[in-house]
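File shown here: my_file-v4.tsv, holding TSV, C-alpha atoms.
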chain	number	residue	atom	x	y	z
A	1	MET	CA	-8.63	-50.29	-59.47
A	2	ARG	CA	-5.42	-48.47	-58.62
A	3	ALA	CA	-2.60	-48.19	-61.13
A	4	GLN	CA	0.04	-50.92	-61.32
A	5	ILE	CA	3.75	-50.74	-62.10
A	6	ARG	CA	6.38	-53.34	-62.82
A	7	ARG	CA	10.13	-53.58	-63.03
A	8	GLY	CA	11.46	-51.49	-65.87
A	9	VAL	CA	10.44	-48.06	-67.16
A	10	PHE	CA	6.93	-47.27	-65.97
A	11	ASP	CA	4.58	-45.36	-68.28
A	12	ASN	CA	2.48	-43.32	-65.87
A	13	THR	CA	-0.08	-42.02	-68.36
A	14	SER	CA	-2.93	-42.97	-66.01
A	15	SER	CA	-1.68	-40.58	-63.32
A	16	LYS	CA	-4.39	-38.44	-61.71
A	17	GLY	CA	-2.20	-35.39	-61.21
A	18	ASP	CA	0.88	-33.51	-62.35
A	19	ASP	CA	2.88	-34.33	-59.24
A	20	GLY	CA	4.22	-37.70	-58.06
A	21	ILE	CA	6.74	-39.60	-60.17
A	22	GLY	CA	5.99	-38.09	-63.55
A	23	ASN	CA	5.12	-39.84	-66.78
A	24	SER	CA	8.07	-42.24	-66.76
A	25	TYR	CA	9.57	-43.95	-63.73
A	26	ASP	CA	12.45	-46.42	-63.81
A	27	THR	CA	11.55	-48.99	-61.17
A	28	ALA	CA	15.17	-50.15	-61.12
A	29	ARG	CA	15.69	-47.21	-58.75
A	30	LEU	CA	13.82	-49.17	-56.06
A	31	PHE	CA	16.09	-52.18	-56.42
A	32	ASP	CA	19.16	-49.93	-56.44
A	33	ALA	CA	17.99	-48.44	-53.13
A	34	PHE	CA	17.45	-51.92	-51.69
A	35	GLU	CA	20.98	-52.99	-52.63
A	36	ARG	CA	22.46	-49.69	-51.43
A	37	LEU	CA	20.93	-50.09	-47.97
A	38	THR	CA	21.51	-53.82	-47.50
A	39	GLU	CA	24.78	-53.36	-45.59
A	40	ILE	CA	23.65	-50.18	-43.82
A	41	VAL	CA	20.28	-50.81	-42.17
A	42	HIS	CA	18.93	-53.70	-40.11
A	43	ARG	CA	16.68	-56.23	-41.79
A	44	THR	CA	14.09	-55.94	-39.05
A	45	PRO	CA	11.91	-58.83	-37.83
A	46	PHE	CA	8.47	-59.42	-39.34
A	47	LYS	CA	6.82	-61.37	-36.54
A	48	GLN	CA	3.37	-62.83	-36.22
A	49	SER	CA	1.17	-61.66	-33.35
A	50	GLU	CA	-0.86	-64.52	-31.94
A	51	THR	CA	-2.97	-62.09	-29.90
A	52	LEU	CA	-3.88	-60.03	-32.97
A	53	ASN	CA	-4.49	-63.22	-34.94
A	54	GLU	CA	-7.05	-64.38	-32.42
A	55	TRP	CA	-8.63	-60.95	-32.01
A	56	THR	CA	-9.04	-60.26	-35.74
A	57	LYS	CA	-9.48	-63.85	-36.99
A	58	SER	CA	-6.70	-63.09	-39.49
A	59	GLU	CA	-2.95	-63.58	-39.76
A	60	VAL	CA	-1.25	-60.41	-38.55
A	61	TYR	CA	2.47	-59.76	-38.91
A	62	LEU	CA	4.30	-56.83	-37.34
A	63	LYS	CA	7.23	-55.28	-39.21
A	64	LEU	CA	9.33	-54.06	-36.30
A	65	GLU	CA	11.02	-50.90	-37.54
A	66	ASN	CA	11.08	-49.79	-33.91
A	67	LEU	CA	14.11	-52.11	-33.74
A	68	GLN	CA	15.79	-50.30	-36.65
A	69	LYS	CA	18.91	-48.17	-36.21
A	70	THR	CA	17.87	-44.89	-34.54
A	71	GLY	CA	14.61	-46.61	-33.56
A	72	SER	CA	12.76	-45.78	-36.77
A	73	PHE	CA	12.41	-46.56	-40.48
A	74	LYS	CA	13.46	-42.97	-41.26
A	75	VAL	CA	17.14	-43.88	-41.35
A	76	ARG	CA	16.49	-45.75	-44.62
A	77	GLY	CA	15.39	-42.70	-46.57
A	78	ALA	CA	18.04	-40.47	-45.03
A	79	PHE	CA	20.87	-42.84	-45.93
A	80	ASN	CA	19.54	-43.44	-49.45
A	81	LYS	CA	19.38	-39.72	-50.13
A	82	ILE	CA	22.68	-38.72	-48.53
A	83	ALA	CA	24.56	-41.61	-50.18
A	84	GLN	CA	23.75	-40.06	-53.57
A	85	LEU	CA	24.78	-36.48	-52.79
A	86	SER	CA	27.79	-35.02	-54.57
A	87	GLU	CA	30.92	-33.86	-52.77
A	88	GLU	CA	29.90	-30.28	-53.50
A	89	GLU	CA	26.47	-30.79	-51.92
A	90	CYS	CA	28.02	-32.39	-48.83
A	91	ALA	CA	30.60	-29.61	-48.53
A	92	ARG	CA	27.78	-27.11	-47.98
A	93	GLY	CA	26.60	-29.05	-44.93
A	94	LEU	CA	23.28	-30.81	-44.42
A	95	LEU	CA	20.08	-29.20	-43.18
A	96	ALA	CA	16.78	-30.83	-42.28
A	97	ALA	CA	13.48	-30.27	-40.50
A	98	SER	CA	11.98	-33.06	-38.46
A	99	ALA	CA	9.59	-34.02	-35.71
A	100	GLY	CA	12.30	-36.37	-34.47
A	101	ASN	CA	12.94	-39.57	-36.38
A	102	HIS	CA	14.13	-38.09	-39.68
A	103	ALA	CA	16.45	-35.92	-37.60
A	104	GLN	CA	18.18	-38.94	-36.15
A	105	GLY	CA	18.47	-40.63	-39.53
A	106	VAL	CA	20.04	-37.56	-41.15
A	107	ALA	CA	22.32	-37.01	-38.15
A	108	LEU	CA	23.59	-40.61	-38.25
A	109	ALA	CA	24.04	-40.62	-42.03
A	110	GLY	CA	25.81	-37.27	-41.90
A	111	ARG	CA	28.13	-38.44	-39.14
A	112	LYS	CA	29.10	-41.57	-41.07
A	113	LYS	CA	29.86	-39.42	-44.12
A	114	GLY	CA	31.73	-36.81	-42.08
A	115	VAL	CA	29.34	-34.00	-42.99
A	116	PRO	CA	28.04	-31.39	-40.50
A	117	VAL	CA	24.29	-31.55	-39.89
A	118	THR	CA	21.84	-28.96	-38.55
A	119	ILE	CA	18.29	-29.99	-37.67
A	120	PHE	CA	15.29	-27.74	-37.02
A	121	MET	CA	12.77	-29.43	-34.71
A	122	PRO	CA	9.51	-28.18	-33.15
A	123	THR	CA	9.59	-27.34	-29.46
A	124	THR	CA	7.00	-30.08	-28.89
A	125	THR	CA	9.42	-32.82	-29.95
A	126	PRO	CA	9.91	-35.46	-27.23
A	127	ILE	CA	13.13	-34.76	-25.38
A	128	ALA	CA	14.33	-38.31	-26.06
A	129	LYS	CA	14.33	-37.60	-29.81
A	130	VAL	CA	16.08	-34.26	-29.36
A	131	GLU	CA	18.84	-35.72	-27.19
A	132	ALA	CA	19.32	-38.71	-29.46
A	133	THR	CA	19.76	-36.39	-32.44
A	134	ARG	CA	22.40	-34.42	-30.56
A	135	ARG	CA	24.20	-37.62	-29.60
A	136	TYR	CA	24.54	-38.46	-33.29
A	137	GLY	CA	26.47	-35.21	-33.64
A	138	ALA	CA	23.90	-32.85	-35.14
A	139	THR	CA	23.26	-29.27	-34.11
A	140	VAL	CA	19.59	-28.98	-33.04
A	141	ARG	CA	17.50	-25.82	-33.19
A	142	LEU	CA	14.07	-25.95	-31.55
A	143	VAL	CA	11.65	-23.71	-33.44
A	144	GLY	CA	7.85	-23.46	-33.58
A	145	GLN	CA	5.02	-25.57	-32.23
A	146	SER	CA	4.72	-28.01	-35.15
A	147	PHE	CA	6.75	-29.69	-37.86
A	148	ASP	CA	5.41	-27.24	-40.43
A	149	GLU	CA	6.73	-24.24	-38.47
A	150	ALA	CA	10.12	-25.89	-38.00
A	151	TYR	CA	10.16	-26.71	-41.73
A	152	LEU	CA	9.62	-23.08	-42.72
A	153	ALA	CA	12.42	-21.98	-40.39
A	154	ALA	CA	14.76	-24.59	-41.89
A	155	ARG	CA	13.96	-23.45	-45.42
A	156	SER	CA	14.76	-19.86	-44.45
A	157	GLU	CA	18.08	-21.07	-43.05
A	158	GLN	CA	18.80	-22.89	-46.30
A	159	LEU	CA	18.27	-19.70	-48.31
A	160	ALA	CA	20.61	-17.83	-45.98
A	161	THR	CA	23.41	-20.42	-45.84
A	162	GLY	CA	23.17	-22.47	-49.04
A	163	ALA	CA	23.18	-25.74	-47.07
A	164	THR	CA	21.89	-28.89	-48.74
A	165	PHE	CA	18.35	-29.62	-47.58
A	166	VAL	CA	17.32	-33.23	-46.92
A	167	HIS	CA	13.54	-33.33	-47.03
A	168	PRO	CA	11.86	-35.74	-44.58
A	169	PHE	CA	9.39	-37.09	-47.14
A	170	ASP	CA	8.90	-35.10	-50.37
A	171	ASP	CA	11.98	-36.37	-52.18
A	172	LEU	CA	12.07	-39.37	-54.50
A	173	ALA	CA	15.38	-40.71	-53.11
A	174	VAL	CA	13.95	-40.55	-49.58
A	175	ILE	CA	10.74	-42.25	-50.71
A	176	GLU	CA	12.72	-45.02	-52.40
A	177	GLY	CA	14.71	-45.57	-49.22
A	178	GLN	CA	11.48	-45.96	-47.25
A	179	ALA	CA	10.22	-48.38	-49.92
A	180	THR	CA	12.79	-50.92	-48.77
A	181	VAL	CA	10.65	-51.65	-45.69
A	182	ALA	CA	7.89	-53.11	-47.86
A	183	MET	CA	10.42	-54.85	-50.11
A	184	GLU	CA	11.73	-56.73	-47.08
A	185	MET	CA	8.18	-57.57	-45.99
A	186	LEU	CA	7.35	-59.10	-49.36
A	187	GLN	CA	10.47	-61.26	-49.11
A	188	GLN	CA	9.82	-62.30	-45.52
A	189	GLN	CA	6.11	-63.12	-45.98
A	190	PRO	CA	5.30	-63.49	-49.69
A	191	ASP	CA	1.68	-64.40	-48.99
A	192	ILE	CA	0.53	-61.21	-47.27
A	193	ASP	CA	-2.44	-59.56	-48.98
A	194	THR	CA	-2.57	-56.22	-47.17
A	195	ILE	CA	0.00	-53.78	-45.78
A	196	VAL	CA	-1.04	-51.15	-43.21
A	197	VAL	CA	1.11	-48.02	-43.09
A	198	PRO	CA	1.09	-44.96	-40.77
A	199	ALA	CA	1.26	-41.67	-42.66
A	200	GLY	CA	2.19	-38.07	-41.88
A	201	GLY	CA	3.96	-36.41	-44.80
A	202	GLY	CA	3.55	-39.61	-46.78
A	203	GLY	CA	7.11	-40.77	-47.49
A	204	LEU	CA	6.71	-44.24	-46.00
A	205	LEU	CA	3.24	-44.68	-47.47
A	206	ALA	CA	4.32	-43.54	-50.94
A	207	GLY	CA	7.40	-45.76	-50.81
A	208	THR	CA	5.34	-48.74	-49.70
A	209	ALA	CA	2.89	-48.19	-52.55
A	210	LEU	CA	5.69	-47.93	-55.13
A	211	ALA	CA	7.33	-51.12	-53.89
A	212	VAL	CA	4.13	-53.12	-53.63
A	213	LYS	CA	2.71	-52.11	-57.01
A	214	THR	CA	6.08	-52.90	-58.58
A	215	ILE	CA	6.65	-56.30	-57.00
A	216	ARG	CA	3.21	-57.66	-56.07
A	217	PRO	CA	0.45	-55.33	-57.31
A	218	THR	CA	-2.41	-57.46	-55.95
A	219	VAL	CA	-1.40	-56.59	-52.38
A	220	LYS	CA	-3.54	-53.79	-50.93
A	221	VAL	CA	-1.87	-50.76	-49.37
A	222	ILE	CA	-3.83	-48.97	-46.65
A	223	GLY	CA	-2.66	-45.73	-45.07
A	224	VAL	CA	-3.56	-44.65	-41.53
A	225	GLN	CA	-3.53	-41.17	-40.02
A	226	ALA	CA	-4.41	-39.65	-36.68
A	227	ALA	CA	-7.92	-38.21	-36.78
A	228	ASN	CA	-6.43	-35.04	-35.26
A	229	ALA	CA	-4.14	-34.53	-38.28
A	230	PRO	CA	-5.68	-36.19	-41.36
A	231	ALA	CA	-4.22	-34.03	-44.15
A	232	ILE	CA	-3.51	-36.95	-46.48
A	233	VAL	CA	-6.93	-38.49	-45.88
A	234	SER	CA	-8.59	-35.18	-46.77
A	235	ALA	CA	-6.52	-34.76	-49.93
A	236	TYR	CA	-6.98	-38.39	-50.95
A	237	TYR	CA	-10.78	-38.20	-50.74
A	238	GLY	CA	-10.99	-34.65	-52.10
A	239	LEU	CA	-12.32	-33.09	-48.89
A	240	ASN	CA	-12.27	-29.39	-48.12
A	241	ARG	CA	-8.78	-28.53	-46.89
A	242	ASN	CA	-10.08	-25.57	-44.90
A	243	THR	CA	-12.20	-27.86	-42.72
A	244	THR	CA	-9.45	-30.43	-42.11
A	245	PRO	CA	-8.53	-30.50	-38.40
A	246	PHE	CA	-4.96	-29.94	-37.28
A	247	LEU	CA	-4.83	-30.61	-33.57
A	248	PRO	CA	-2.28	-31.97	-31.08
A	249	THR	CA	-1.85	-35.73	-31.21
A	250	ILE	CA	0.08	-38.32	-29.26
A	251	ALA	CA	1.30	-39.45	-32.69
A	252	GLU	CA	3.41	-36.30	-33.15
A	253	GLY	CA	5.60	-38.07	-35.70
A	254	ILE	CA	2.71	-38.01	-38.20
A	255	GLN	CA	1.33	-34.60	-37.28
A	256	VAL	CA	1.89	-32.88	-40.63
A	257	LYS	CA	-0.38	-30.13	-41.92
A	258	ASP	CA	0.83	-30.13	-45.52
A	259	PRO	CA	1.78	-33.48	-47.09
A	260	GLY	CA	4.25	-33.48	-49.96
A	261	LYS	CA	3.40	-32.94	-53.61
A	262	VAL	CA	5.49	-35.90	-54.74
A	263	THR	CA	4.12	-38.15	-52.01
A	264	MET	CA	0.49	-37.18	-52.65
A	265	GLY	CA	0.85	-37.81	-56.38
A	266	ILE	CA	2.03	-41.35	-55.65
A	267	ILE	CA	-0.53	-41.93	-52.90
A	268	ARG	CA	-3.47	-40.84	-55.06
A	269	ASP	CA	-2.43	-43.25	-57.80
A	270	TYR	CA	-1.31	-46.34	-55.90
A	271	VAL	CA	-2.70	-46.43	-52.35
A	272	ASP	CA	-5.92	-48.43	-52.06
A	273	GLU	CA	-7.53	-46.85	-49.00
A	274	MET	CA	-6.97	-44.27	-46.26
A	275	LEU	CA	-8.24	-44.50	-42.66
A	276	THR	CA	-8.11	-42.44	-39.46
A	277	VAL	CA	-7.87	-43.49	-35.83
A	278	THR	CA	-8.68	-41.49	-32.71
A	279	GLU	CA	-6.41	-40.41	-29.88
A	280	GLU	CA	-8.08	-43.00	-27.65
A	281	GLU	CA	-7.44	-45.74	-30.19
A	282	ILE	CA	-3.79	-44.74	-30.64
A	283	SER	CA	-3.24	-44.58	-26.87
A	284	SER	CA	-4.85	-47.98	-26.46
A	285	ALA	CA	-2.62	-49.44	-29.17
A	286	ILE	CA	0.49	-48.11	-27.41
A	287	LEU	CA	-0.59	-49.90	-24.23
A	288	PHE	CA	-1.53	-53.04	-26.15
A	289	MET	CA	1.95	-53.23	-27.69
A	290	LEU	CA	3.56	-52.68	-24.31
A	291	GLU	CA	1.42	-55.19	-22.42
A	292	ARG	CA	0.96	-57.94	-25.01
A	293	GLU	CA	3.92	-57.62	-27.38
A	294	LYS	CA	6.34	-56.33	-24.68
A	295	MET	CA	7.41	-53.40	-26.88
A	296	LEU	CA	7.24	-49.67	-26.38
A	297	VAL	CA	6.24	-48.04	-29.67
A	298	GLU	CA	5.58	-44.43	-30.54
A	299	GLY	CA	2.21	-42.96	-31.45
A	300	ALA	CA	2.79	-43.03	-35.22
A	301	ALA	CA	3.50	-46.76	-35.15
A	302	ALA	CA	0.58	-47.35	-32.82
A	303	ALA	CA	-1.76	-45.65	-35.30
A	304	ALA	CA	-1.23	-48.48	-37.77
A	305	VAL	CA	-1.70	-51.09	-35.05
A	306	ALA	CA	-4.87	-49.29	-33.93
A	307	ALA	CA	-6.46	-49.72	-37.34
A	308	VAL	CA	-6.05	-53.49	-36.96
A	309	LEU	CA	-7.08	-53.60	-33.30
A	310	ASN	CA	-10.28	-51.72	-34.09
A	311	LYS	CA	-11.07	-53.91	-37.09
A	312	ARG	CA	-11.09	-51.06	-39.60
A	313	LEU	CA	-9.65	-53.11	-42.45
A	314	PRO	CA	-11.78	-54.57	-45.26
A	315	ASN	CA	-13.03	-58.13	-44.82
A	316	SER	CA	-10.75	-59.21	-47.68
A	317	ALA	CA	-7.68	-58.55	-45.50
A	318	LYS	CA	-6.71	-62.01	-44.24
A	319	ARG	CA	-2.90	-61.90	-44.16
A	320	ILE	CA	-1.95	-58.48	-42.89
A	321	GLY	CA	1.42	-56.78	-42.55
A	322	VAL	CA	1.59	-53.80	-40.20
A	323	ILE	CA	4.52	-51.40	-40.32
A	324	VAL	CA	5.46	-50.59	-36.72
A	325	SER	CA	7.32	-47.52	-37.86
A	326	GLY	CA	9.22	-46.46	-34.73
A	327	GLY	CA	9.80	-46.81	-31.02
A	328	ASN	CA	10.99	-43.37	-29.94
A	329	PHE	CA	8.26	-42.63	-27.42
A	330	ASP	CA	8.34	-40.13	-24.57
A	331	VAL	CA	7.64	-42.40	-21.59
A	332	SER	CA	6.27	-39.48	-19.59
A	333	LYS	CA	3.20	-39.70	-21.84
A	334	LEU	CA	2.31	-43.23	-20.73
A	335	ALA	CA	0.07	-41.86	-17.99
A	336	ASP	CA	-1.94	-40.03	-20.65
A	337	CYS	CA	-2.30	-43.29	-22.54
A	338	VAL	CA	-3.72	-45.01	-19.47
A	339	THR	CA	-6.22	-42.16	-19.00
A	340	LYS	CA	-7.38	-42.33	-22.64
A	341	CYS	CA	-7.25	-46.11	-23.00
A	342	THR	CA	-10.41	-47.82	-24.22
A	343	ASP	CA	-11.71	-50.72	-22.13
A	344	TYR	CA	-11.26	-53.40	-24.76
A	345	VAL	CA	-7.44	-53.27	-24.54
A	346	ILE	CA	-7.64	-54.55	-21.00
A	347	THR	CA	-9.72	-57.54	-22.08
A	348	ILE	CA	-7.95	-58.64	-25.28
Serialized structure, structure tokens:
Amino acid sequence: MRAQIRRGVFDNTSSKGDDGIGNSYDTARLFDAFERLTEIVHRTPFKQSETLNEWTKSEVYLKLENLQKTGSFKVRGAFNKIAQLSEEECARGLLAASAGNHAQGVALAGRKKGVPVTIFMPTTTPIAKVEATRRYGATVRLVGQSFDEAYLAARSEQLATGATFVHPFDDLAVIEGQATVAMEMLQQQPDIDTIVVPAGGGGLLAGTALAVKTIRPTVKVIGVQAANAPAIVSAYYGLNRNTTPFLPTIAEGIQVKDPGKVTMGIIRDYVDEMLTVTEEEISSAILFMLEREKMLVEGAAAAAVAAVLNKRLPNSAKRIGVIVSGGNFDVSKLADCVTKCTDYVITI
């Protein structure tokens, strides 16, 4: 059984590692984040999918963070972090590394606070995400072939300039901002028994786990990664890091080679299960959402949907919440989705 936490000061003596939230965590921080973001972010719909209900013989609800400001949940963590920065930290300017969605969140939050923002993004980032980040007023620098390479470049820039770095996932204030997604879900559908979460660096997954084990610890939290980039899955199950694949994926938003230390500490302690889905399954889920739910979602969001579509969840999962994490998809990749699509999507 995974560890449980409740409102108040949490004694984390059962922690499996030295990272994560430490030996004492004040869960009031989660509720402070929720209140802080109430007037800033959208309370996104949590709609039932009749098609998925029939296909899985369960009740499936989709938390539509693709309809969030900037088209992604990432704006929650960015705003929660930046809202707590001092004037001195803001005066140095904000710096971030991102595969796209965190970039837009930081850019928007920085613009609203009147603080200059510079974002390092990999050259593989969909052009829609790059242009959207620029429209929010940020300076964008395209560096490297992956998030990890862009991250290293951003850290070097921070050392040179002294700018304030806003980490995309390995920061407790960012994690607590992402936790507000699950907090809304538990308000909107109190009877759900399982939450399915896409994971890259682990900020959304760690935040979901913190929120769920604080508010309703019996709810299971299941993380999903692309089989082409399963760093968290490997760490969670203690697999050999040197044999973990790191390949291109249509879910570029969760293509992270090195998950965070803080996020992994939380995930090891409070997440109930980790799964992977293939490129074919993710592509099929993108098309399913477009054809049946009339929504264009990005690969990271589709990874969570794919786990449900392919019936990877335990039999005990009867009332399922799926975090559809974002909708910033490069439409030029739809042809690739059609090529990779599995036959069952056409027949559902």
message: Between atom CA of Arg241 of chain A and atom CA of Ile267 of chain A, what is the distance in Å, rounded to a tenth?
response: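 So the two atoms, atom CA of Arg241 of chain A and atom CA of Ile267 of chain A, lie 16.8 Å apart.
Closest approach to Ala128 of chain A among A:Leu172, A:Val331, A:Ala91, A:Val305 is made by A:Val331 (distances from all atoms listed in the file).
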Distance table requested - segment 209-299 of chain A against segment 49-64 of chain A, cut-off 12 Å, all atoms listed in the file: one row per qualifying residue with the closest atom pair and its distance in Å to one decimal, ordered by chain and rising residue number, as JSON lines.
{"residue": "A:Ala285", "atom": "CA", "partner": "A:Leu52", "partner_atom": "CA", "distance": 11.3}
{"residue": "A:Phe288", "atom": "CA", "partner": "A:Thr51", "partner_atom": "CA", "distance": 9.9}
{"residue": "A:Met289", "atom": "CA", "partner": "A:Ser49", "partner_atom": "CA", "distance": 10.2}
{"residue": "A:Glu291", "atom": "CA", "partner": "A:Thr51", "partner_atom": "CA", "distance": 11.1}
{"residue": "A:Arg292", "atom": "CA", "partner": "A:Thr51", "partner_atom": "CA", "distance": 7.5}
{"residue": "A:Glu293", "atom": "CA", "partner": "A:Ser49", "partner_atom": "CA", "distance": 7.7}
{"residue": "A:Lys294", "atom": "CA", "partner": "A:Ser49", "partner_atom": "CA", "distance": 11.4}
{"residue": "A:Met295", "atom": "CA", "partner": "A:Leu64", "partner_atom": "CA", "distance": 9.6}
{"residue": "A:Leu296", "atom": "CA", "partner": "A:Leu64", "partner_atom": "CA", "distance": 11.0}
{"residue": "A:Val297", "atom": "CA", "partner": "A:Leu64", "partner_atom": "CA", "distance": 9.5}
{"residue": "A:Glu298", "atom": "CA", "partner": "A:Leu64", "partner_atom": "CA", "distance": 11.8}
message: So, with all atoms listed in the file as the atoms that count, which of A:Lys261, A:Glu184, A:Ser86, A:Ala150 lies closest to Arg43 of chain A?
response: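 When distances to Arg43 of chain A are compared using all atoms listed in the file, the smallest one comes from A:Glu184.
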message: Under the rule that all atoms listed in the file are counted, which of A:His42, A:Lys47, A:Arg312, A:Lys257 is the nearest residue to Glu273 of chain A?
response: A:Arg312
- prompt: Residues around (7.6, -31.7, -47.8), cut-off 6 Å, counting all atoms listed in the file - what are they as an MDAnalysis selection string?
  reply: chainID A and resid 169:170 260
message: The residues within 8 Å of (6.7, -52.4, -55.1), using all atoms listed in the file and the coordinates of the file, should be reported as a list in words; which are they?
response: Ile5, Arg6, Leu30, Ala179, Ala182, Met183, Gly207, Thr208, Ala209, Leu210, Ala211, Val212, Lys213, Thr214, Ile215, Arg216 and Pro217 of chain A
- request: List the neighbours of Asn66 of chain A out to 12 Å using only C-alpha atoms; skip same-chain residues closer than 5 positions along the sequence, and give me the result as an NGL selection string.
  value: :A and (42-46 or 71-75 or 101 or 181 or 289 or 295-302 or 323-329)
Extract, using all atoms listed in the file, all DNA, RNA and protein residues at most 6 Å from Arg76 of chain A, discarding same-chain residues fewer than 3 positions from it, and format them as a PDB file with C-alpha atoms, in the coordinates of the input.
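And here's out_30.pdb as it stands now:
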ATOM      1  CA  PHE A  73      12.410 -46.560 -40.480  1.00  0.00           C
ATOM      2  CA  PHE A  79      20.870 -42.840 -45.930  1.00  0.00           C
ATOM      3  CA  GLY A 177      14.710 -45.570 -49.220  1.00  0.00           C
ATOM      4  CA  GLN A 178      11.480 -45.960 -47.250  1.00  0.00           C
TER       5      GLN A 178
END
- request: Record the distance separating atom CA of Lys340 of chain A and atom CA of Val196 of chain A, expressed in Å with one decimal.
  value: 23.3 Å
- prompt: For Tyr270 of chain A, which residue out of A:Ile222, A:Ala231, A:Glu176, A:Ser283 is the nearest one, using only C-alpha atoms?
  reply: A:Ile222
message: Between A:Ala229, A:Thr194, A:Asp272, A:Phe246, which residue has the minimum interatomic distance to Ala317 of chain A, considering only C-alpha atoms?
response: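 With only C-alpha atoms as the atom set, the closest residue is A:Thr194.
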Closest-contact table, segment 72-125 of chain A side, partner segment 131-142 of chain A, 6 Å, counting all atoms listed in the file, as a tab-separated table:
residue	atom	partner	partner_atom	distance
A:Gln104	CA	A:Thr133	CA	4.8
A:Ala107	CA	A:Ala138	CA	5.4
A:Leu108	CA	A:Tyr136	CA	5.5
A:Val117	CA	A:Ala138	CA	4.9
A:Thr118	CA	A:Thr139	CA	4.7
A:Ile119	CA	A:Val140	CA	4.9
A:Phe120	CA	A:Arg141	CA	4.8
A:Met121	CA	A:Leu142	CA	4.9
A:Pro122	CA	A:Leu142	CA	5.3
A:Thr123	CA	A:Leu142	CA	5.1
field: Between atom CA of Leu309 of chain A and atom CA of Val322 of chain A, distance in Å (one decimal)
entry: 11.1 Å
task: Go through A:Arg92, A:Lys112, A:His102, A:Arg268 and flag the residue nearest Val130 of chain A, using all atoms listed in the file for the distances.
output: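 Result for the nearest residue to Val130 of chain A: A:His102.
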Nearby residues (all atoms listed in the file) at most 10 Å from Glu279 of chain A, same-chain spacing under 5 positions excluded, as a VMD selection string: chain A and resid 226 to 228 248 to 251 284 to 285 299 303 306 337 340 to 341
